[in-house]
file structure.cif (mmCIF, C-alpha atoms)
data_query
#
loop_
_atom_site.label_atom_id
_atom_site.label_comp_id
_atom_site.auth_asym_id
_atom_site.auth_seq_id
_atom_site.Cartn_x
_atom_site.Cartn_y
_atom_site.Cartn_z
CA MET K 1 0.00 0.00 0.00
CA ILE K 2 1.52 3.32 -1.12
CA LYS K 3 1.00 6.14 1.38
CA ILE K 4 0.49 9.57 -0.22
CA ILE K 5 0.59 13.16 1.01
CA MET K 6 -1.76 15.20 -1.19
CA HIS K 7 -0.24 18.69 -1.51
CA GLY K 8 -3.09 20.99 -2.55
CA CYS K 9 -5.72 18.55 -1.33
CA ASN K 10 -8.69 20.94 -1.37
CA GLY K 11 -8.23 22.28 -4.89
CA LYS K 12 -10.16 20.79 -7.82
CA MET K 13 -7.50 18.23 -8.68
CA GLY K 14 -6.74 17.46 -5.03
CA LYS K 15 -10.39 16.66 -4.34
CA MET K 16 -10.61 14.53 -7.47
CA ILE K 17 -7.50 12.54 -6.56
CA THR K 18 -8.88 12.04 -3.04
CA GLU K 19 -12.01 10.45 -4.49
CA LEU K 20 -10.06 8.31 -6.96
CA VAL K 21 -7.74 6.96 -4.27
CA LYS K 22 -10.72 5.84 -2.17
CA ASN K 23 -11.34 3.15 -4.80
CA ASP K 24 -7.68 2.19 -5.23
CA ASP K 25 -6.59 -0.81 -3.19
CA ALA K 26 -2.91 -0.07 -3.83
CA ALA K 27 -2.83 3.50 -2.49
CA GLU K 28 -4.10 5.67 0.34
CA ILE K 29 -3.82 9.35 1.23
CA THR K 30 -2.47 9.64 4.78
CA ALA K 31 -2.36 13.46 4.95
CA GLY K 32 -3.21 16.56 2.99
CA VAL K 33 -1.83 20.09 2.78
CA ASP K 34 -3.90 23.14 1.84
CA THR K 35 -4.26 26.73 3.01
CA TYR K 36 -8.01 26.08 3.14
CA THR K 37 -8.47 23.51 5.90
CA GLU K 38 -12.22 23.76 6.52
CA VAL K 39 -13.16 21.07 3.98
CA PRO K 40 -13.87 17.76 5.76
CA ASN K 41 -11.52 14.94 4.71
CA ASN K 42 -10.91 11.41 5.88
CA TYR K 43 -7.28 12.30 6.58
CA PRO K 44 -5.57 15.12 8.55
CA VAL K 45 -5.05 18.38 6.66
CA PHE K 46 -2.27 20.86 7.48
CA ASP K 47 -2.17 24.48 6.35
CA SER K 48 1.53 24.19 5.42
CA ILE K 49 3.77 21.30 4.44
CA GLU K 50 6.21 22.18 7.23
CA LYS K 51 3.57 21.23 9.83
CA CYS K 52 2.90 17.80 8.33
CA ASP K 53 4.18 15.09 10.69
CA VAL K 54 2.51 12.11 9.01
CA GLU K 55 4.65 9.41 7.44
CA ALA K 56 4.26 8.77 3.72
CA ASP K 57 5.99 7.18 0.73
CA VAL K 58 5.42 9.94 -1.81
CA VAL K 59 3.88 13.40 -2.33
CA ILE K 60 1.50 14.34 -5.14
CA ASP K 61 1.58 18.09 -5.75
CA PHE K 62 -1.29 20.00 -7.36
CA SER K 63 -0.86 23.35 -5.62
CA THR K 64 0.58 26.73 -6.61
CA ALA K 65 3.97 27.97 -7.69
CA LYS K 66 4.32 30.05 -4.52
CA ALA K 67 4.03 26.90 -2.40
CA MET K 68 6.78 25.13 -4.34
CA ASP K 69 9.81 26.34 -2.37
CA GLY K 70 8.48 25.02 0.94
CA LEU K 71 7.49 21.73 -0.66
CA LEU K 72 10.94 21.19 -2.15
CA ASP K 73 12.60 21.99 1.20
CA TYR K 74 10.34 19.48 2.95
CA CYS K 75 10.84 16.69 0.43
CA GLU K 76 14.60 17.21 0.40
CA GLU K 77 14.75 17.05 4.21
CA LYS K 78 12.49 13.99 4.45
CA LYS K 79 14.05 12.26 1.39
CA LEU K 80 10.50 11.99 0.07
CA PRO K 81 9.71 11.37 -3.63
CA VAL K 82 7.40 13.94 -5.21
CA VAL K 83 5.16 13.99 -8.28
CA LEU K 84 5.12 17.64 -9.41
CA CYS K 85 1.96 18.62 -11.26
CA THR K 86 1.94 22.35 -10.50
CA THR K 87 2.56 24.55 -13.55
CA GLY K 88 3.88 28.10 -13.91
CA LEU K 89 7.15 27.54 -12.07
CA SER K 90 9.84 30.19 -12.48
CA ASP K 91 13.18 29.46 -14.11
CA GLU K 92 14.76 29.60 -10.66
CA GLN K 93 12.28 27.05 -9.31
CA LEU K 94 12.80 24.75 -12.27
CA ALA K 95 16.55 24.95 -11.75
CA ARG K 96 16.05 24.02 -8.10
CA VAL K 97 13.84 21.08 -9.07
CA ASN K 98 16.64 19.78 -11.27
CA GLU K 99 19.19 20.27 -8.51
CA ILE K 100 17.13 18.52 -5.84
CA SER K 101 16.42 15.61 -8.22
CA LYS K 102 20.04 14.63 -7.58
CA LYS K 103 19.02 13.86 -3.99
CA ILE K 104 15.43 12.57 -4.28
CA PRO K 105 13.22 11.10 -7.02
CA ILE K 106 11.09 13.75 -8.77
CA LEU K 107 8.57 13.13 -11.54
CA LYS K 108 7.44 16.06 -13.68
CA SER K 109 5.56 15.96 -16.99
CA ALA K 110 3.80 18.49 -19.21
CA ASN K 111 0.67 16.32 -19.04
CA MET K 112 -0.18 13.59 -16.51
CA SER K 113 -2.60 11.68 -18.76
CA LEU K 114 -1.47 8.13 -19.51
CA GLY K 115 -3.13 8.40 -22.93
CA ILE K 116 -1.29 11.59 -23.90
CA ASN K 117 2.03 10.13 -22.83
CA LEU K 118 1.42 7.00 -24.87
CA LEU K 119 0.55 9.28 -27.79
CA LEU K 120 3.88 11.09 -27.38
CA LYS K 121 5.59 7.75 -27.82
CA LEU K 122 3.50 6.68 -30.84
CA LEU K 123 4.03 9.99 -32.63
CA LYS K 124 7.79 9.51 -32.72
CA ASP K 125 7.41 6.24 -34.63
CA ALA K 126 4.84 7.75 -36.99
CA ALA K 127 6.95 10.83 -37.69
CA ARG K 128 10.04 8.79 -38.59
CA VAL K 129 8.04 6.89 -41.21
CA LEU K 130 5.68 9.53 -42.58
CA ALA K 131 7.73 12.75 -42.65
CA PRO K 132 10.43 11.35 -44.97
CA ALA K 133 7.60 10.12 -47.21
CA GLY K 134 6.45 13.72 -47.72
CA PHE K 135 3.57 13.93 -45.23
CA ASP K 136 2.76 17.41 -43.90
CA ILE K 137 2.21 17.70 -40.14
CA GLU K 138 -0.50 19.80 -38.52
CA LEU K 139 -1.72 19.93 -34.93
CA VAL K 140 -5.09 21.20 -33.68
CA GLU K 141 -5.86 21.60 -29.98
CA LYS K 142 -9.20 22.54 -28.37
CA HIS K 143 -9.87 23.75 -24.83
CA HIS K 144 -12.54 25.53 -22.77
CA ASN K 145 -13.13 29.25 -23.09
CA GLN K 146 -11.47 30.06 -19.75
CA LYS K 147 -8.01 28.80 -20.73
CA LEU K 148 -5.51 31.64 -20.89
CA ASP K 149 -2.54 30.20 -22.79
CA ALA K 150 -2.48 29.15 -26.43
CA PRO K 151 -1.27 26.84 -27.71
CA SER K 152 -1.52 24.51 -24.76
CA GLY K 153 1.56 23.07 -23.09
CA THR K 154 0.41 19.63 -24.18
CA ALA K 155 0.18 20.74 -27.82
CA LEU K 156 3.75 21.99 -27.66
CA ALA K 157 4.86 18.73 -26.03
CA LEU K 158 3.25 16.78 -28.88
CA ALA K 159 4.94 19.00 -31.46
CA ASP K 160 8.26 18.64 -29.64
CA SER K 161 7.89 14.85 -29.63
CA VAL K 162 7.48 14.85 -33.42
CA ASN K 163 10.26 17.36 -33.94
CA ASP K 164 12.69 15.49 -31.70
CA ALA K 165 12.12 12.35 -33.73
CA LEU K 166 12.95 14.33 -36.88
CA GLY K 167 16.19 15.81 -35.60
CA GLY K 168 14.74 19.19 -34.60
CA GLU K 169 14.62 20.38 -38.21
CA TYR K 170 11.02 21.63 -38.14
CA THR K 171 9.74 25.09 -37.23
CA TYR K 172 6.35 25.81 -35.62
CA ILE K 173 3.81 28.00 -37.42
CA TYR K 174 1.01 29.42 -35.24
CA ASP K 175 -0.68 31.84 -37.64
CA ARG K 176 -0.93 31.68 -41.43
CA SER K 177 -3.05 34.83 -41.86
CA GLN K 178 -0.16 37.30 -42.04
CA VAL K 179 1.78 35.79 -44.93
CA ARG K 180 0.48 34.59 -48.30
CA LYS K 181 2.69 31.67 -49.29
CA LYS K 182 2.68 27.89 -49.54
CA ARG K 183 3.50 25.94 -46.43
CA ASP K 184 7.07 24.79 -46.09
CA SER K 185 7.72 21.05 -45.93
CA LYS K 186 9.75 21.55 -42.75
CA GLU K 187 7.05 23.11 -40.61
CA ILE K 188 4.46 21.97 -38.09
CA GLY K 189 1.27 24.02 -38.06
CA ILE K 190 -0.30 24.46 -34.61
CA SER K 191 -3.86 25.78 -34.25
CA ALA K 192 -5.76 26.56 -31.03
CA VAL K 193 -9.55 26.53 -30.55
CA ARG K 194 -11.18 27.97 -27.43
CA GLY K 195 -14.84 27.44 -26.60
CA GLY K 196 -17.44 26.15 -24.17
CA THR K 197 -16.33 23.61 -21.58
CA ILE K 198 -14.01 21.47 -23.69
CA VAL K 199 -11.66 19.76 -21.20
CA GLY K 200 -8.98 19.04 -23.76
CA GLU K 201 -8.71 17.67 -27.28
CA HIS K 202 -5.51 17.22 -29.28
CA GLU K 203 -5.26 16.01 -32.86
CA VAL K 204 -2.07 15.44 -34.82
CA ILE K 205 -2.58 15.18 -38.58
CA PHE K 206 -0.14 13.62 -41.04
CA ALA K 207 -1.40 14.66 -44.48
CA GLY K 208 0.12 12.99 -47.51
CA THR K 209 -0.82 12.58 -51.15
CA ASP K 210 -4.27 10.97 -51.28
CA GLU K 211 -4.15 9.77 -47.67
CA VAL K 212 -4.38 11.26 -44.19
CA ILE K 213 -3.44 9.68 -40.87
CA GLU K 214 -4.79 11.26 -37.67
CA PHE K 215 -3.86 10.70 -34.03
CA LYS K 216 -6.41 12.08 -31.58
CA HIS K 217 -6.75 12.23 -27.81
CA THR K 218 -9.86 13.54 -26.05
CA ALA K 219 -10.12 14.16 -22.31
CA TYR K 220 -13.76 14.06 -21.16
CA SER K 221 -12.93 14.99 -17.56
CA ARG K 222 -9.96 16.08 -15.51
CA SER K 223 -9.95 12.68 -13.82
CA VAL K 224 -7.58 11.41 -16.54
CA PHE K 225 -4.90 13.68 -15.10
CA GLY K 226 -5.67 12.53 -11.56
CA LYS K 227 -5.44 8.86 -12.53
CA GLY K 228 -2.11 9.51 -14.20
CA ALA K 229 -0.78 11.28 -11.10
CA ILE K 230 -1.76 8.33 -8.91
CA GLU K 231 -0.03 5.86 -11.23
CA ALA K 232 3.01 8.14 -11.23
CA ALA K 233 3.05 8.13 -7.41
CA LYS K 234 2.94 4.33 -7.33
CA PHE K 235 5.80 4.21 -9.82
CA LEU K 236 7.96 6.80 -8.04
CA ALA K 237 7.76 5.43 -4.49
CA GLY K 238 11.00 3.64 -3.68
CA LYS K 239 12.86 4.80 -6.79
CA GLU K 240 16.41 6.12 -6.75
CA ALA K 241 17.07 9.86 -6.90
CA GLY K 242 16.68 11.37 -10.34
CA MET K 243 14.36 13.22 -12.69
CA TYR K 244 11.52 11.12 -14.13
CA ASP K 245 8.55 11.80 -16.39
CA MET K 246 5.42 9.94 -17.51
CA SER K 247 7.30 8.14 -20.27
CA ASP K 248 9.02 6.20 -17.48
CA VAL K 249 5.63 5.25 -16.01
CA ILE K 250 4.22 3.82 -19.25
CA GLY K 251 7.51 2.05 -20.05
#
call {"tool": "encode", "arguments": {"input": "structure.cif", "output": "structure tokens"}}
result
Amino acid sequence: MIKIIMHGCNGKMGKMITELVKNDDAAEITAGVDTYTEVPNNYPVFDSIEKCDVEADVVIDFSTAKAMDGLLDYCEEKKLPVVLCTTGLSDEQLARVNEISKKIPILKSANMSLGINLLLKLLKDAARVLAPAGFDIELVEKHHNQKLDAPSGTALALADSVNDALGGEYTYIYDRSQVRKKRDSKEIGISAVRGGTIVGEHEVIFAGTDEVIEFKHTAYSRSVFGKGAIEAAKFLAGKEAGMYDMSDVIG
């Protein structure tokens, strides 16, 4: 049984992971950390990680960037593995994450979905076959109307996966409206759609002569990210120090 500290337990993702773990025989949440402690939980909740005195095997973090420094200090002191899901970290914080990964196991990925991370792997194989055969590559991502960034971090990760497989020779084109010219063979077009309550949809299109191959992932709820984080926690507990990502989880 893997014992988890849920850092950011009363946020949307923290609550979702709490419910998911209730039905997981291989994991349990032994403590939570959140500045809002009034929500009833079936485990003790502390308003700061420094106050947490409950033993655990791993931390899952869905909190805020400003809480990151304290979390890293705590995990370094306790030699506790941590699954980092918080986004928006500063360059200084990212550098510290890399430094501390020399002392404890840390898992960080652009997207915690098992499906997306399998797609990242599949796209590399597809790109190596299809791009040399003259297929153009386009990517379309769709998200809800409250999302601030475009394109999404996941869309860029998908594009990077393709580009890495092709030796980094491709450039990214985000807007074709400003220039009237044919697309270059060494480019990846990335389009963003924002509307309604779309949780997340990513489609990678390989368009060749008289045939099109499409890879598509659709998230119908945020639970896919929670499930991925739980699987990551199970994987990370007991590992040696180092930096890991979801590609290590799916093998």
call {"tool": "atom_distance", "arguments": {"input": "structure.cif", "atom1": "atom CA of Asp73 of chain K", "atom2": "atom CA of Ser113 of chain K"}}
result
27.1 Å
call {"tool": "residues_around", "arguments": {"input": "structure.cif", "residues": "Glu138 of chain K", "least_positions_apart": "6", "cutoff": "8 Å", "atoms": "all atoms listed in the file", "output": "PyMOL selection string"}}
result
chain K and resi 188-190+204-207
call {"tool": "write_last_selection", "arguments": {"input": "structure.cif", "atoms": "C-alpha atoms", "output": "mmCIF file, in the coordinates of the input"}}
result
data_model
loop_
_atom_site.group_PDB
_atom_site.id
_atom_site.type_symbol
_atom_site.label_atom_id
_atom_site.label_comp_id
_atom_site.auth_asym_id
_atom_site.auth_seq_id
_atom_site.Cartn_x
_atom_site.Cartn_y
_atom_site.Cartn_z
ATOM 1 C CA ILE K 188 4.460 21.970 -38.090
ATOM 2 C CA GLY K 189 1.270 24.020 -38.060
ATOM 3 C CA ILE K 190 -0.300 24.460 -34.610
ATOM 4 C CA VAL K 204 -2.070 15.440 -34.820
ATOM 5 C CA ILE K 205 -2.580 15.180 -38.580
ATOM 6 C CA PHE K 206 -0.140 13.620 -41.040
ATOM 7 C CA ALA K 207 -1.400 14.660 -44.480
#
call {"tool": "closest_residue", "arguments": {"input": "structure.cif", "among": "K:Ile230, K:Leu114, K:Ala192, K:Met246", "to": "Gly14 of chain K", "atoms": "only C-alpha atoms"}}
result
K:Ile230
call {"tool": "closest_residue", "arguments": {"input": "structure.cif", "among": "K:Asp245, K:Glu214, K:Asp91, K:Glu77", "to": "Gly228 of chain K", "atoms": "only C-alpha atoms"}}
result
K:Asp245
call {"tool": "resolve_selection", "arguments": {"input": "structure.cif", "expression": "the PyMOL selection byres ((chain K and resi 75) around 12)", "output": "PyMOL selection string"}}
result
chain K and resi 5+7+49-50+52+55-61+68-74+76-84+97+100-101+103-106+241
call {"tool": "atom_distance", "arguments": {"input": "structure.cif", "atom1": "atom CA of Lys12 of chain K", "atom2": "atom CA of Gln146 of chain K"}}
result
15.2 Å
call {"tool": "resolve_selection", "arguments": {"input": "structure.cif", "expression": "the PyMOL selection byres ((chain K and resi 47) around 12)", "output": "PDB file with C-alpha atoms, in the coordinates of the input"}}
result
ATOM      1  CA  MET K   6      -1.760  15.200  -1.190  1.00  0.00           C
ATOM      2  CA  HIS K   7      -0.240  18.690  -1.510  1.00  0.00           C
ATOM      3  CA  GLY K   8      -3.090  20.990  -2.550  1.00  0.00           C
ATOM      4  CA  CYS K   9      -5.720  18.550  -1.330  1.00  0.00           C
ATOM      5  CA  ASN K  10      -8.690  20.940  -1.370  1.00  0.00           C
ATOM      6  CA  ALA K  31      -2.360  13.460   4.950  1.00  0.00           C
ATOM      7  CA  GLY K  32      -3.210  16.560   2.990  1.00  0.00           C
ATOM      8  CA  VAL K  33      -1.830  20.090   2.780  1.00  0.00           C
ATOM      9  CA  ASP K  34      -3.900  23.140   1.840  1.00  0.00           C
ATOM     10  CA  THR K  35      -4.260  26.730   3.010  1.00  0.00           C
ATOM     11  CA  TYR K  36      -8.010  26.080   3.140  1.00  0.00           C
ATOM     12  CA  THR K  37      -8.470  23.510   5.900  1.00  0.00           C
ATOM     13  CA  GLU K  38     -12.220  23.760   6.520  1.00  0.00           C
ATOM     14  CA  VAL K  39     -13.160  21.070   3.980  1.00  0.00           C
ATOM     15  CA  PRO K  44      -5.570  15.120   8.550  1.00  0.00           C
ATOM     16  CA  VAL K  45      -5.050  18.380   6.660  1.00  0.00           C
ATOM     17  CA  PHE K  46      -2.270  20.860   7.480  1.00  0.00           C
ATOM     18  CA  SER K  48       1.530  24.190   5.420  1.00  0.00           C
ATOM     19  CA  ILE K  49       3.770  21.300   4.440  1.00  0.00           C
ATOM     20  CA  GLU K  50       6.210  22.180   7.230  1.00  0.00           C
ATOM     21  CA  LYS K  51       3.570  21.230   9.830  1.00  0.00           C
ATOM     22  CA  CYS K  52       2.900  17.800   8.330  1.00  0.00           C
ATOM     23  CA  ALA K  67       4.030  26.900  -2.400  1.00  0.00           C
ATOM     24  CA  GLY K  70       8.480  25.020   0.940  1.00  0.00           C
TER      25      GLY K  70
END
call {"tool": "closest_atom_pairs", "arguments": {"input": "structure.cif", "of": "segment 143-186 of chain K", "to": "segment 124-128 of chain K", "cutoff": "8 Å", "atoms": "all atoms listed in the file", "output": "CSV"}}
result
residue,atom,partner,partner_atom,distance
K:Ser161,CA,K:Lys124,CA,6.2
K:Val162,CA,K:Lys124,CA,5.4
K:Asp164,CA,K:Lys124,CA,7.8
K:Ala165,CA,K:Lys124,CA,5.3
K:Leu166,CA,K:Arg128,CA,6.5
call {"tool": "closest_residue", "arguments": {"input": "structure.cif", "among": "K:Gly251, K:Pro132, K:Gly238, K:Gly208", "to": "Leu118 of chain K", "atoms": "all atoms listed in the file"}}
result
K:Gly251
call {"tool": "atom_distance", "arguments": {"input": "structure.cif", "atom1": "atom CA of Gly226 of chain K", "atom2": "atom CA of Ile2 of chain K"}}
result
15.7 Å
call {"tool": "build_atoms", "arguments": {"input": "structure.cif", "residues": "segment 87-111 of chain K", "atoms": "N, CA, C and O atoms", "output": "short mmCIF file (atom, residue, chain, number, x, y, z; two decimals), keeping the file's coordinate frame"}}
result
data_model
loop_
_atom_site.label_atom_id
_atom_site.label_comp_id
_atom_site.auth_asym_id
_atom_site.auth_seq_id
_atom_site.Cartn_x
_atom_site.Cartn_y
_atom_site.Cartn_z
N THR K 87 1.98 23.87 -12.39
CA THR K 87 2.56 24.55 -13.55
C THR K 87 2.92 26.00 -13.18
O THR K 87 2.63 26.47 -12.09
N GLY K 88 3.56 26.70 -14.12
CA GLY K 88 3.88 28.10 -13.91
C GLY K 88 5.06 28.35 -13.02
O GLY K 88 5.20 29.44 -12.43
N LEU K 89 5.97 27.36 -12.90
CA LEU K 89 7.15 27.54 -12.07
C LEU K 89 8.14 28.49 -12.75
O LEU K 89 8.25 28.51 -13.97
N SER K 90 8.84 29.26 -11.95
CA SER K 90 9.84 30.19 -12.48
C SER K 90 11.08 29.43 -12.92
O SER K 90 11.27 28.25 -12.58
N ASP K 91 11.93 30.09 -13.68
CA ASP K 91 13.18 29.46 -14.11
C ASP K 91 14.03 29.07 -12.90
O ASP K 91 14.68 28.01 -12.91
N GLU K 92 14.00 29.91 -11.87
CA GLU K 92 14.76 29.60 -10.66
C GLU K 92 14.21 28.35 -9.98
O GLU K 92 14.99 27.50 -9.50
N GLN K 93 12.89 28.23 -9.93
CA GLN K 93 12.28 27.05 -9.31
C GLN K 93 12.57 25.79 -10.12
O GLN K 93 12.86 24.73 -9.55
N LEU K 94 12.50 25.90 -11.43
CA LEU K 94 12.80 24.75 -12.27
C LEU K 94 14.24 24.30 -12.10
O LEU K 94 14.54 23.09 -12.08
N ALA K 95 15.14 25.28 -11.97
CA ALA K 95 16.55 24.95 -11.75
C ALA K 95 16.71 24.23 -10.41
O ALA K 95 17.51 23.28 -10.29
N ARG K 96 15.96 24.66 -9.42
CA ARG K 96 16.05 24.02 -8.10
C ARG K 96 15.48 22.61 -8.14
O ARG K 96 16.00 21.71 -7.48
N VAL K 97 14.40 22.43 -8.89
CA VAL K 97 13.84 21.08 -9.07
C VAL K 97 14.90 20.15 -9.63
O VAL K 97 15.10 19.02 -9.15
N ASN K 98 15.59 20.61 -10.65
CA ASN K 98 16.64 19.78 -11.27
C ASN K 98 17.77 19.49 -10.29
O ASN K 98 18.30 18.37 -10.26
N GLU K 99 18.11 20.47 -9.47
CA GLU K 99 19.19 20.27 -8.51
C GLU K 99 18.79 19.26 -7.43
O GLU K 99 19.57 18.37 -7.07
N ILE K 100 17.58 19.40 -6.92
CA ILE K 100 17.13 18.52 -5.84
C ILE K 100 16.89 17.10 -6.36
O ILE K 100 16.97 16.13 -5.60
N SER K 101 16.63 16.95 -7.66
CA SER K 101 16.42 15.61 -8.22
C SER K 101 17.69 14.75 -8.13
O SER K 101 17.63 13.54 -8.32
N LYS K 102 18.82 15.39 -7.80
CA LYS K 102 20.04 14.63 -7.58
C LYS K 102 20.04 13.95 -6.21
O LYS K 102 20.83 13.06 -5.96
N LYS K 103 19.08 14.38 -5.35
CA LYS K 103 19.02 13.86 -3.99
C LYS K 103 17.78 13.01 -3.74
O LYS K 103 17.79 12.12 -2.88
N ILE K 104 16.68 13.32 -4.45
CA ILE K 104 15.43 12.57 -4.28
C ILE K 104 14.81 12.31 -5.64
O ILE K 104 15.12 13.01 -6.62
N PRO K 105 13.92 11.31 -5.75
CA PRO K 105 13.22 11.10 -7.02
C PRO K 105 12.13 12.14 -7.23
O PRO K 105 11.32 12.39 -6.34
N ILE K 106 12.12 12.77 -8.41
CA ILE K 106 11.09 13.75 -8.77
C ILE K 106 10.53 13.37 -10.14
O ILE K 106 11.28 13.06 -11.07
N LEU K 107 9.22 13.39 -10.25
CA LEU K 107 8.57 13.13 -11.54
C LEU K 107 7.81 14.38 -11.95
O LEU K 107 6.99 14.88 -11.21
N LYS K 108 8.10 14.85 -13.15
CA LYS K 108 7.44 16.06 -13.68
C LYS K 108 7.17 15.86 -15.16
O LYS K 108 8.05 15.47 -15.91
N SER K 109 5.93 16.09 -15.58
CA SER K 109 5.56 15.96 -16.99
C SER K 109 4.65 17.11 -17.40
O SER K 109 3.94 17.68 -16.56
N ALA K 110 4.67 17.44 -18.70
CA ALA K 110 3.80 18.49 -19.21
C ALA K 110 2.33 18.10 -19.10
O ALA K 110 1.45 18.96 -18.98
N ASN K 111 2.05 16.81 -19.12
CA ASN K 111 0.67 16.32 -19.04
C ASN K 111 0.70 14.98 -18.31
O ASN K 111 1.50 14.11 -18.63
#
